[in-house]
Structures are given as C-alpha cells and as structure tokens.
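I have placed the structure first, in the form of structure tokens, so that the comments after it can refer back to it.
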There are 2 protein chains.
Amino acid sequence: MVQKKIRNMEEFAAVSGLSRPTLSKYFNDPDSVRRSTRERIELALKQYDYRPNVYAVNQNRRKTKNIGVVVPNLSDPFFSEIGREVEQACIAAGYRPILLSSHGTPAQERDNLELLRSLKPAGVLLAPFGRMSDPADVARFNTQVPVVLFDANIEGAGEAFVGTDNFQSIDLIVEYLCRSGEPPCFFEMKTPTNPNANKRRQAYLESMERHGFTPHIFQAEGDGWNFEEIGSTEGGRLISENAFRTNTVLCSNDRLAIGMLSAAYRLGRKVGHGEGCALRIAGHDDHPFSRFTCPSLTTIAQDYSAIANRAASILFRILDTDERPARREETLFDGHLVMRDSA
Amino acid sequence: MVQKKIRNMEEFAAVSGLSRPTLSKYFNDPDSVRRSTRERIELALKQYDYRPNVYAVNQNRRKTKNIGVVVPNLSDPFFSEIGREVEQACIAAGYRPILLSSHGTPAQERDNLELLRSLKPAGVLLAPFGRMSDPADVARFNTQVPVVLFDANIEGAGEAFVGTDNFQSIDLIVEYLCRSGEPPCFFEMKTPTNPNANKRRQAYLESMERHGFTPHIFQAEGDGWNFEEIGSTEGGRLISENAFRTNTVLCSNDRLAIGMLSAAYRLGRKVGHGEGCALRIAGHDDHPFSRFTCPSLTTIAQDYSAIANRAASILFRILDTDERPARREETLFDGHLVMRDSA
DNA sequence: TGAATTAATTTACGCGCGTAAATTTTAGAT
DNA sequence: ATCTAAAATTTACGCGCGTAAATTAATTCA
C-alpha cells in the first residue's frame, strides 16, 4: 500500500499489468470484465491507492451517476429523515446522491436547481415547496433531467409524484376522533405554502360532511417555517379565548400541534383523552419528536420509507430504460393512525 | 436568451467577441478583467445561457473551490442548524460547501472523508464523533487537505478546533441551579461517544466541589442516537424509583432532558421552579425544540453562529495564506444561560 | 501625441479519462 | 490439438477547460 503514488489510470494500468481501457471498463462496471481480471484489479487496488478522478470521469461520461436530492428544509426532522431514506436508496442503486436543502426559501430552491443543472445529474428527486415553487421552472428543468417529485405535488410537473394520500389519512383520523369523542375542529396556517395543507383542509371538510358533522376551521396568521412558534402563540390565543366550539383539535401537521401542546400546558389545560382532560389535540406526520411531547401526540404516520424508496425506484426505472413514462403517474401511500395520549 | 446553444467556452468566446483565455480569467475572478470587458461578458451571459463545465474546471484547476462539511447526524436539529450556518459562511466566502451527514455512524464518517478525498476539496470543516472517530484517519486526511474541527474536539487532530467552553457553561448553569434551589445531580449516558459529554461530567464535578456540594452522577445505559428515548425510559425509571437525592437534575444535553421531561409528565411529576413542582430539570445546548417542551426547558445556549463562522474563517485564512498555522489553536465560546420554566 | 503601462489575443500544450475500431489474446468446448 | 466466441489490447481521438509565453491592442499619464 505504501508503494509509489499512482497519478492516473495509465500508471495504475502499468502497475496492475492491464490496459487502461480494460480498467476503464472495470470502473464503469466491475462485472463487465472477466472474473480473473477483476480479481487482479482488486488485488492491485489493495496494494496501490488509486481511484479514478471524479472530474475527469464526469467530464467524459455522457451521463453522470449523480442524483440530486432537494428538500425544502433540512432543519425540519421530517425532511432530514426522508432525505436520509432517499440518499440510501440512491447509494444502494449505485448512484451518488447530492443532498441539498432549500433552507425554507423558494429562492434557494431555484438556486439548488441551478446548481444541479451544472452538475449534470442523471436525475433529480425533488420535494418542492409547492405553491411557492415555480412550476414552469421545474418543468423546464425536467426537460433536461428527469425529475420525480415526492412529498409535495406540483400538478403536471416532473415525471411522477409520490406522497401520502391526505384524503385517506385525514379521513382516518377524523373518523377516529369522531368515534372516540367530540368531532374535531381543524387548525392550520392561513396561507400554507405546502400543497398538502390544502389537501388536508379539503379532506377535513369532506370527511366531516360525510360523518354528518359541521366543520370548523381556524387559521393562524404567520409566515415562515417556525410552525411550533405559530402553533404556540396563535393556538394559545385560541385556547385561552375558548374559541374552539369543541374539545378536539386536529392540527394540519405535527409541528403546529407541538406548539399548541406547549401553549395548552402553559395555560394549564390538561390535554388528552382521559379523565379530567380539557382538550384533545391531534397532528399529522408522526414527527420524530411527537413521541416525546407532553402528552405524547396522537397523529398520522406517513410511510417515509415507502415514499422515499418508491420515488427513487421510479427514477431509477426511467434512468435504466432511458425513456420517460408515457403518462405522469401519481402514487399515494396510506397514512397510519398512531394512537398516543393527546387524543 | 433563446439564441443558439452554447456548448463550451470556445463558442461563448465567439459570440461574446472575446478570447477564451480572457473568459477563463473572468470566470476565475470577475475582477481580474477590465470593467468594460467584464460588462461585455455579463451582457453576453444574459443573452446566451452558458456556464463553465464544473468537471472540466475542477479537473484542471490546481485546487477546487469545494469545502467539505461533515456533521455526525443531520437528523439532529442541532447539527442541521450549525451545518446551515457553516454552509452559508462558505458561500459568502465564495466557496462551494458540500454538506455530508455521517448518519450517526462512525463508519459513515470514514466513508464521507473517503468520498471527500476524491472530490479534492480545498478544505474540510469536520464535526467529528469524537471517541468513535479514528484520530489517525483524521490526521492522515489532514495532511492532504486542511481540516478544521468544530463542536467536538479530537486532541491533536486537525489544524484547529472551535467549540463551546463546557467548563464555563456547566459552571454557569450549576451556579444558577444552586442559587435558585437544591444543588443538581447530573444525568448522562453511560458511554457517551461525544467528547463534550466527558467534559461536561468533569465540569459538573469540579463545579459542585467548588460550590461545596457533593456531586451525584446518574448514568443511563443505551447506545445510539435516540437520546430522547433513553432519557425517557432510563430517566423515567430513576424518577419513579426516587433515585435522585435532590429535586434538581442537570442533563448532559437537551435531548436527554426532553426525554426525561416526557417521562416526568407521564409519571405525573410536575416539573418547574414554581409552587407545587416536584422536580427541576435543566439541559444543555438550547435545542430548537427546547422552547416548546412542557414546561419549556431551562438550558445553556451554545453560540451556533459564532462557532460555525469562526471555524469557517480559520479555514479560509489557511486557504488564503496557503500556510498551516504554526500551532494548533483551540477556540472556545461561552455558553449563555437560557432561563425558562423547567428549572 | 508619444511613451509606458496594462489588458487582451494568439498559440499551444496538458489534464485524466471515455470511447470507438481494429487487432490480438484467452478461455471453454469439441 | 482445433475451433470459436469472448475478452483484453493497441491505437487514436476527443471532452472542456487551465495555463503559460509571446504578441498585439488598448488605456493611462505625462
């Protein structure tokens, strides 16, 4: 291993006793050479510290093995989890994921796509902002590099979309809440950037109608990504004003619910489904922290893993067959009810 | 803008009426050309969609503008926050950050360094695991690429270290807890991977001695990164067994404290410093969620921003002057006491 | 207006590898 | 030992750019 420095494939070919084109074949696909030669190469690799220059490789290869993975905000544990799943799916398939966070701003999302454009990725897995994303921008990008959307849909953009069936999941938790106590009102942001939020509101309305109850929606002012803060201040205000006409609140997502739980605690309102509880609060997403809220949060678990892996495998299929799907397909996974203590 | 496709710098030179070497100079440093030519180039850039091929650029440049940023676990909001700060510092200085998470496993940390090696970065900002990191590995890497450590120290590895002064911060919160109530016991993991944990234990011991109190340390079994879970189960067990000889618990970090808070809630022990409270719980780090725990968590705020920016600027200085510092310097920032409701 | 300085151009080579075509070698079967 | 298909080699070109040296053009200042 402490032999002379290998500077390029030419030199490595010399010391391994093979020709450079053969080595090039090997590095592109180790199974494309005879087993005996593969073993010779791998033996040499152990003795000499050599690896192909990524930049030279990617300059000459028609398509790189890079896959761009763009999420709206890595500071949100939901996205860091799903991002990790996507990353691992890429690695497992022999691709190199490039994980980028848009840090909560659509401008950064644009920058990230711009950056990816110059990295010539084989494909992109994008969890967009939704309303704030520029559909034309995504569509234009998709003409050059196949894009598969996940988590949040942009109608018509990208080759496919994979996410959670909000109508199923909201109906599930509405049904549970109605069965086990008073029908829920719905708490959300007034101007949500995320399209899932709109679907969830709609799903709530439909579900309540179907169950024969009158829906009530409460919308919090506020911008940005500090959902807990908004849930705490706005939710706390509503609680202290006794604005809800029911003892049950379904929050559009867990982070709002986490904020509202902290407000309820501060205000001395006991939350839960047991004796002496004043309020039931439920969320949606099964945020990594929702197991440790006080009380633990009843919520809907999205199937992170299934969404990430399906989105990735759809992209891989496009890359392998080298043809875009005839029609844009949307895959929706069911959410699962996670019954904890808050509702 | 919708002119013919520009395929390379040669063609862009043709349409912009300049020579390729001049353009090359411009792309390396826009200020290295005359203002009039710079304006001509930027005008052309608006008309024609061209950008240099990153791979060709990086193949030929002696050193790339890439900076590797490696953190132990992006799923931990602490690291995603500090990672974001570091990223932005790099961008502001004209570098391209490559953010990599080790996903909680030292093996992945090694893989990340290995990957970075092939990306030929100008420098690396590394938040290592500590005990589980291979010091020799980091040191070897540092011989090729300047490495600056942050958050967690590895004695002697890297060109410099930037972090929080655990002795100052722990002393600060121990002092506060002693002044405002019973002296704290200390709750931590039995076999912490993070070197800060060891410093904090030591700091707790010294601080208690100095204040004339007898220290008590409680250590939780358990591996991995699910600190909340461990804090909840082990902390809950200790609470229900009335194992602590004081009503005040200082947790080694916020995530353990968050877990313990959930256990206290579950067990019906009221936490806080007010009337009728059975327990005071304090943490360390000012985790993004610690404002929304029940009750909100009294803790030590690390100066994320200062740590990130100092680490980055130390690296930039090395890169600019192109010389390693004569001696390895360690920069420690003070922590700040954040008084909330839990203690 | 001229000389002195600065900036841009021309020319040329190299980086490390992908890849194609023609040729030679090797392996597995008869 | 002979044949054949598969695999490896030789040769050669190109990718898009950095960079250096020599030359020419443009700018600045006296």
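Identifiers in this document derive from the order of the structure tokens: chains are assigned A, B, ..., residues are numbered from 1 separately in each chain, and ligands are numbered from 1 in order of occurrence.
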
Counting only C-alpha atoms (C1' of nucleotides), which residues in chain A sit no more than 8 Å from chain D? For each one, give the nearest pair of atoms and the distance in Å, sorted by chain then residue number, as a tab-separated table.
residue	atom	partner	partner_atom	distance
A:Ser19	CA	D:DT9	C1'	6.5
A:Thr22	CA	D:DA8	C1'	6.8
A:Val33	CA	D:DA7	C1'	7.5
A:Arg34	CA	D:DA7	C1'	7.1
A:Gln59	CA	D:DC15	C1'	6.6
A:Asn60	CA	D:DC15	C1'	5.7

For N, CA and C atoms, I'd like the residues from the last selection saved as an mmCIF file, in the first residue's frame.
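Final output, out05.cif:
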data_model
loop_
_atom_site.group_PDB
_atom_site.id
_atom_site.type_symbol
_atom_site.label_atom_id
_atom_site.label_comp_id
_atom_site.auth_asym_id
_atom_site.auth_seq_id
_atom_site.Cartn_x
_atom_site.Cartn_y
_atom_site.Cartn_z
ATOM 1 N N SER A 19 -4.470 -3.138 -19.366
ATOM 2 C CA SER A 19 -4.545 -1.949 -20.219
ATOM 3 C C SER A 19 -5.558 -0.955 -19.653
ATOM 4 N N THR A 22 -9.354 -1.493 -20.358
ATOM 5 C CA THR A 22 -9.931 -2.554 -19.527
ATOM 6 C C THR A 22 -10.261 -2.019 -18.137
ATOM 7 N N VAL A 33 -15.971 -7.188 -16.734
ATOM 8 C CA VAL A 33 -14.703 -7.842 -17.101
ATOM 9 C C VAL A 33 -14.689 -9.264 -16.540
ATOM 10 N N ARG A 34 -13.844 -10.045 -17.077
ATOM 11 C CA ARG A 34 -13.740 -11.434 -16.642
ATOM 12 C C ARG A 34 -13.369 -11.485 -15.155
ATOM 13 N N GLN A 59 -16.545 14.442 -16.732
ATOM 14 C CA GLN A 59 -16.460 15.296 -17.914
ATOM 15 C C GLN A 59 -16.712 14.491 -19.173
ATOM 16 N N ASN A 60 -16.252 13.263 -19.158
ATOM 17 C CA ASN A 60 -16.292 12.479 -20.375
ATOM 18 C C ASN A 60 -17.492 11.559 -20.491
#

Checklist line | Backbone-only DSSP, alpha helix (DSSP H) members of range 161-242 of chain B, as an NGL selection string | finding: :B and (166-180 or 195-210 or 227-240)

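Near chain A, within 8 Å and using only C-alpha atoms (C1' of nucleotides), the residues of chain C are DG16, DC17 and DG18 of chain C.
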
File dump, residues just selected, C-alpha atoms (C1' of nucleotides), as a compact mmCIF listing (two decimals), in the first residue's frame:
# COMPACT_ATOMS: atom_id res chain seq x y z
C1' DG C 16 -7.30 12.29 -16.83
C1' DC C 17 -10.38 9.90 -18.66
C1' DG C 18 -14.38 7.86 -22.15

Next item on the list: Compute the chain B side of the contact with chain A at 8 Å, counting only C-alpha atoms, and hand it back as a ChimeraX atom specification.
Entry: /B:51,53-56,58-59,74-77,80-81,84,99,103,118-119,228,232,258-259,262,265-266,292-296

Next item on the list: For range 275-278 of chain A, list every protein, DNA or RNA residue within 12 Å, evaluated using only C-alpha atoms (C1' of nucleotides), and leave out those in the same chain fewer than 2 positions away; present the list as a ChimeraX atom specification.
Entry: /A:181-182,239-240,242,244,246-249,264-265,267-273,280-281,295,341-343

The selected residues should be written to file as a PDB file, in the first residue's frame (atoms: N, CA and C atoms).
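Final output, saved to result_31.pdb:
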ATOM      1  N   GLY A 181     -64.827  10.646  20.694  1.00  0.00           N
ATOM      2  CA  GLY A 181     -65.144  11.852  21.447  1.00  0.00           C
ATOM      3  C   GLY A 181     -65.808  12.883  20.546  1.00  0.00           C
ATOM      4  N   GLU A 182     -65.623  14.124  20.890  1.00  0.00           N
ATOM      5  CA  GLU A 182     -66.265  15.166  20.095  1.00  0.00           C
ATOM      6  C   GLU A 182     -65.594  15.299  18.736  1.00  0.00           C
ATOM      7  N   ILE A 239     -56.982  28.967  22.384  1.00  0.00           N
ATOM      8  CA  ILE A 239     -57.345  28.176  23.561  1.00  0.00           C
ATOM      9  C   ILE A 239     -57.818  29.087  24.690  1.00  0.00           C
ATOM     10  N   SER A 240     -57.046  30.135  24.938  1.00  0.00           N
ATOM     11  CA  SER A 240     -57.383  30.988  26.080  1.00  0.00           C
ATOM     12  C   SER A 240     -58.669  31.771  25.825  1.00  0.00           C
ATOM     13  N   ASN A 242     -61.138  30.417  24.377  1.00  0.00           N
ATOM     14  CA  ASN A 242     -62.167  29.379  24.230  1.00  0.00           C
ATOM     15  C   ASN A 242     -62.859  29.469  22.869  1.00  0.00           C
ATOM     16  N   PHE A 244     -62.494  27.526  20.196  1.00  0.00           N
ATOM     17  CA  PHE A 244     -62.939  26.262  19.599  1.00  0.00           C
ATOM     18  C   PHE A 244     -64.307  25.884  20.169  1.00  0.00           C
ATOM     19  N   THR A 246     -65.370  22.943  20.198  1.00  0.00           N
ATOM     20  CA  THR A 246     -65.268  21.520  20.529  1.00  0.00           C
ATOM     21  C   THR A 246     -64.031  21.340  21.401  1.00  0.00           C
ATOM     22  N   ASN A 247     -63.917  20.233  22.056  1.00  0.00           N
ATOM     23  CA  ASN A 247     -62.724  19.996  22.868  1.00  0.00           C
ATOM     24  C   ASN A 247     -61.630  19.283  22.073  1.00  0.00           C
ATOM     25  N   THR A 248     -61.855  19.130  20.782  1.00  0.00           N
ATOM     26  CA  THR A 248     -60.919  18.348  19.964  1.00  0.00           C
ATOM     27  C   THR A 248     -60.386  19.176  18.796  1.00  0.00           C
ATOM     28  N   VAL A 249     -59.060  19.230  18.714  1.00  0.00           N
ATOM     29  CA  VAL A 249     -58.425  19.996  17.641  1.00  0.00           C
ATOM     30  C   VAL A 249     -57.546  19.078  16.798  1.00  0.00           C
ATOM     31  N   ALA A 264     -51.030  24.842  25.524  1.00  0.00           N
ATOM     32  CA  ALA A 264     -52.033  24.262  26.426  1.00  0.00           C
ATOM     33  C   ALA A 264     -51.417  24.000  27.794  1.00  0.00           C
ATOM     34  N   TYR A 265     -50.200  23.505  27.786  1.00  0.00           N
ATOM     35  CA  TYR A 265     -49.518  23.256  29.060  1.00  0.00           C
ATOM     36  C   TYR A 265     -49.321  24.553  29.830  1.00  0.00           C
ATOM     37  N   LEU A 267     -51.005  27.153  29.642  1.00  0.00           N
ATOM     38  CA  LEU A 267     -52.288  27.699  30.097  1.00  0.00           C
ATOM     39  C   LEU A 267     -52.964  26.790  31.125  1.00  0.00           C
ATOM     40  N   GLY A 268     -52.315  25.687  31.446  1.00  0.00           N
ATOM     41  CA  GLY A 268     -52.876  24.808  32.458  1.00  0.00           C
ATOM     42  C   GLY A 268     -54.053  23.977  31.979  1.00  0.00           C
ATOM     43  N   ARG A 269     -54.209  23.843  30.655  1.00  0.00           N
ATOM     44  CA  ARG A 269     -55.287  22.989  30.138  1.00  0.00           C
ATOM     45  C   ARG A 269     -54.743  21.587  29.942  1.00  0.00           C
ATOM     46  N   LYS A 270     -55.329  20.668  30.624  1.00  0.00           N
ATOM     47  CA  LYS A 270     -54.834  19.304  30.506  1.00  0.00           C
ATOM     48  C   LYS A 270     -55.281  18.702  29.179  1.00  0.00           C
ATOM     49  N   VAL A 271     -54.330  18.195  28.429  1.00  0.00           N
ATOM     50  CA  VAL A 271     -54.606  17.631  27.112  1.00  0.00           C
ATOM     51  C   VAL A 271     -54.593  16.113  27.184  1.00  0.00           C
ATOM     52  N   GLY A 272     -55.555  15.479  26.529  1.00  0.00           N
ATOM     53  CA  GLY A 272     -55.561  14.030  26.478  1.00  0.00           C
ATOM     54  C   GLY A 272     -56.972  13.499  26.327  1.00  0.00           C
ATOM     55  N   HIS A 273     -57.071  12.176  26.353  1.00  0.00           N
ATOM     56  CA  HIS A 273     -58.387  11.567  26.167  1.00  0.00           C
ATOM     57  C   HIS A 273     -58.894  10.947  27.465  1.00  0.00           C
ATOM     58  N   ARG A 280     -58.456  17.711  23.488  1.00  0.00           N
ATOM     59  CA  ARG A 280     -57.761  16.677  22.722  1.00  0.00           C
ATOM     60  C   ARG A 280     -57.071  17.352  21.535  1.00  0.00           C
ATOM     61  N   ILE A 281     -55.837  17.011  21.325  1.00  0.00           N
ATOM     62  CA  ILE A 281     -55.085  17.593  20.203  1.00  0.00           C
ATOM     63  C   ILE A 281     -54.457  16.460  19.389  1.00  0.00           C
ATOM     64  N   PRO A 295     -48.876  15.718  26.524  1.00  0.00           N
ATOM     65  CA  PRO A 295     -48.718  14.270  26.401  1.00  0.00           C
ATOM     66  C   PRO A 295     -48.235  13.886  25.005  1.00  0.00           C
ATOM     67  N   ASP A 341     -51.307   9.628  23.505  1.00  0.00           N
ATOM     68  CA  ASP A 341     -52.085  10.096  24.653  1.00  0.00           C
ATOM     69  C   ASP A 341     -52.825  11.417  24.449  1.00  0.00           C
ATOM     70  N   SER A 342     -52.511  12.147  23.417  1.00  0.00           N
ATOM     71  CA  SER A 342     -53.053  13.509  23.319  1.00  0.00           C
ATOM     72  C   SER A 342     -54.478  13.550  22.771  1.00  0.00           C
ATOM     73  N   ALA A 343     -54.924  12.457  22.185  1.00  0.00           N
ATOM     74  CA  ALA A 343     -56.283  12.443  21.641  1.00  0.00           C
ATOM     75  C   ALA A 343     -56.722  11.014  21.370  1.00  0.00           C
TER      76      ALA A 343
END

Margin query: Please report the interatomic distance between CA of Ile67 in chain B and CA of Ala92 in chain A in Å with one decimal.
Written below: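 About the pair CA of Ile67 in chain B and CA of Ala92 in chain A: they are 25.3 Å apart.
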
Next item on the list: May I have the residues within 10 Å of Glu175 in chain A as a ChimeraX atom specification, using only C-alpha atoms (C1' of nucleotides) and disregarding those fewer than 4 positions away in the same chain?
Entry: /A:169-171,179-180,183-184,207-208,210-211

May I have the selected residues written with C-alpha atoms, as a PDB file, in the first residue's frame?
ATOM      1  CA  SER A 169     -55.149   9.799   6.220  1.00  0.00           C
ATOM      2  CA  ILE A 170     -57.250  12.764   7.311  1.00  0.00           C
ATOM      3  CA  ASP A 171     -60.405  10.723   6.960  1.00  0.00           C
ATOM      4  CA  ARG A 179     -65.727   7.807  17.296  1.00  0.00           C
ATOM      5  CA  SER A 180     -63.771   8.455  20.458  1.00  0.00           C
ATOM      6  CA  PRO A 183     -65.786  15.864  16.393  1.00  0.00           C
ATOM      7  CA  PRO A 184     -62.620  17.861  15.728  1.00  0.00           C
ATOM      8  CA  SER A 207     -64.719  13.901   5.949  1.00  0.00           C
ATOM      9  CA  MET A 208     -66.740  15.955   8.398  1.00  0.00           C
ATOM     10  CA  ARG A 210     -69.550  12.587   5.316  1.00  0.00           C
ATOM     11  CA  HIS A 211     -69.821  11.938   9.015  1.00  0.00           C
TER      12      HIS A 211
END

Notebook entry, point to check: Val338 in chain B: which residues within 8 Å, counting only C-alpha atoms (C1' of nucleotides), same-chain residues fewer than 4 positions away excluded, as a ChimeraX atom specification?
Noted result: /B:286,298-301

File dump, residues just selected, C-alpha atoms, as a PDB file, in the first residue's frame:
ATOM      1  CA  ASP B 286     -30.629  25.089  23.540  1.00  0.00           C
ATOM      2  CA  THR B 298     -34.001  25.873  31.045  1.00  0.00           C
ATOM      3  CA  THR B 299     -30.720  25.256  29.312  1.00  0.00           C
ATOM      4  CA  ILE B 300     -27.414  26.572  28.044  1.00  0.00           C
ATOM      5  CA  ALA B 301     -27.408  28.130  24.599  1.00  0.00           C
TER       6      ALA B 301
END

For Leu205 in chain B, find every residue with an atom within 12 Å (counting only C-alpha atoms (C1' of nucleotides)), except residues of its own chain fewer than 6 positions away, and show them as an mmCIF file with N, CA and C atoms, in the first residue's frame.
data_model
loop_
_atom_site.group_PDB
_atom_site.id
_atom_site.type_symbol
_atom_site.label_atom_id
_atom_site.label_comp_id
_atom_site.auth_asym_id
_atom_site.auth_seq_id
_atom_site.Cartn_x
_atom_site.Cartn_y
_atom_site.Cartn_z
ATOM 1 N N PHE B 167 -16.679 23.880 30.427
ATOM 2 C CA PHE B 167 -16.413 24.151 31.841
ATOM 3 C C PHE B 167 -17.087 25.461 32.261
ATOM 4 N N ILE B 170 -21.157 24.764 31.962
ATOM 5 C CA ILE B 170 -21.705 23.907 33.022
ATOM 6 C C ILE B 170 -21.606 24.613 34.370
ATOM 7 N N ASP B 171 -20.498 25.294 34.570
ATOM 8 C CA ASP B 171 -20.358 26.026 35.825
ATOM 9 C C ASP B 171 -21.458 27.077 35.958
ATOM 10 N N VAL B 174 -24.736 25.250 36.750
ATOM 11 C CA VAL B 174 -24.683 24.671 38.104
ATOM 12 C C VAL B 174 -24.842 25.785 39.137
ATOM 13 N N PRO B 183 -29.005 21.855 44.952
ATOM 14 C CA PRO B 183 -27.921 21.564 44.009
ATOM 15 C C PRO B 183 -28.313 20.397 43.101
ATOM 16 N N PRO B 184 -27.892 20.432 41.872
ATOM 17 C CA PRO B 184 -28.318 19.418 40.906
ATOM 18 C C PRO B 184 -27.508 18.131 40.970
ATOM 19 N N CYS B 185 -28.171 17.035 40.638
ATOM 20 C CA CYS B 185 -27.429 15.843 40.253
ATOM 21 C C CYS B 185 -27.240 15.906 38.741
ATOM 22 N N PHE B 186 -26.494 14.960 38.213
ATOM 23 C CA PHE B 186 -26.128 15.015 36.796
ATOM 24 C C PHE B 186 -26.586 13.743 36.112
ATOM 25 N N ASN B 198 -17.996 14.037 28.166
ATOM 26 C CA ASN B 198 -16.989 13.793 29.208
ATOM 27 C C ASN B 198 -16.549 15.099 29.867
ATOM 28 N N LYS B 199 -16.385 16.110 29.046
ATOM 29 C CA LYS B 199 -16.018 17.417 29.592
ATOM 30 C C LYS B 199 -17.096 17.930 30.526
ATOM 31 N N HIS B 211 -18.445 24.652 44.743
ATOM 32 C CA HIS B 211 -19.548 25.251 45.482
ATOM 33 C C HIS B 211 -19.783 24.546 46.820
ATOM 34 N N GLY B 212 -18.968 23.559 47.085
ATOM 35 C CA GLY B 212 -19.065 22.904 48.377
ATOM 36 C C GLY B 212 -20.200 21.896 48.488
ATOM 37 N N PHE B 213 -20.634 21.360 47.345
ATOM 38 C CA PHE B 213 -21.707 20.361 47.372
ATOM 39 C C PHE B 213 -21.172 19.009 46.914
ATOM 40 N N THR B 214 -21.868 17.982 47.314
ATOM 41 C CA THR B 214 -21.480 16.643 46.895
ATOM 42 C C THR B 214 -22.138 16.314 45.557
ATOM 43 N N PRO B 215 -21.332 15.964 44.555
ATOM 44 C CA PRO B 215 -21.910 15.641 43.245
ATOM 45 C C PRO B 215 -22.523 14.238 43.218
ATOM 46 N N HIS B 216 -23.541 14.097 42.431
ATOM 47 C CA HIS B 216 -24.133 12.773 42.194
ATOM 48 C C HIS B 216 -24.374 12.607 40.706
ATOM 49 N N ILE B 217 -23.868 11.515 40.174
ATOM 50 C CA ILE B 217 -23.999 11.285 38.733
ATOM 51 C C ILE B 217 -24.831 10.043 38.472
ATOM 52 N N LEU B 250 -29.588 18.021 36.304
ATOM 53 C CA LEU B 250 -28.937 18.649 35.152
ATOM 54 C C LEU B 250 -28.612 17.561 34.141
#

Notebook entry, point to check: So which residues of range 73-250 of chain A fall under strand (DSSP E or B) by DSSP, listed as a PyMOL selection string?
Noted result: chain A and resi 96-101+123-126+147-150+160-164+185-189+217-220+248-250
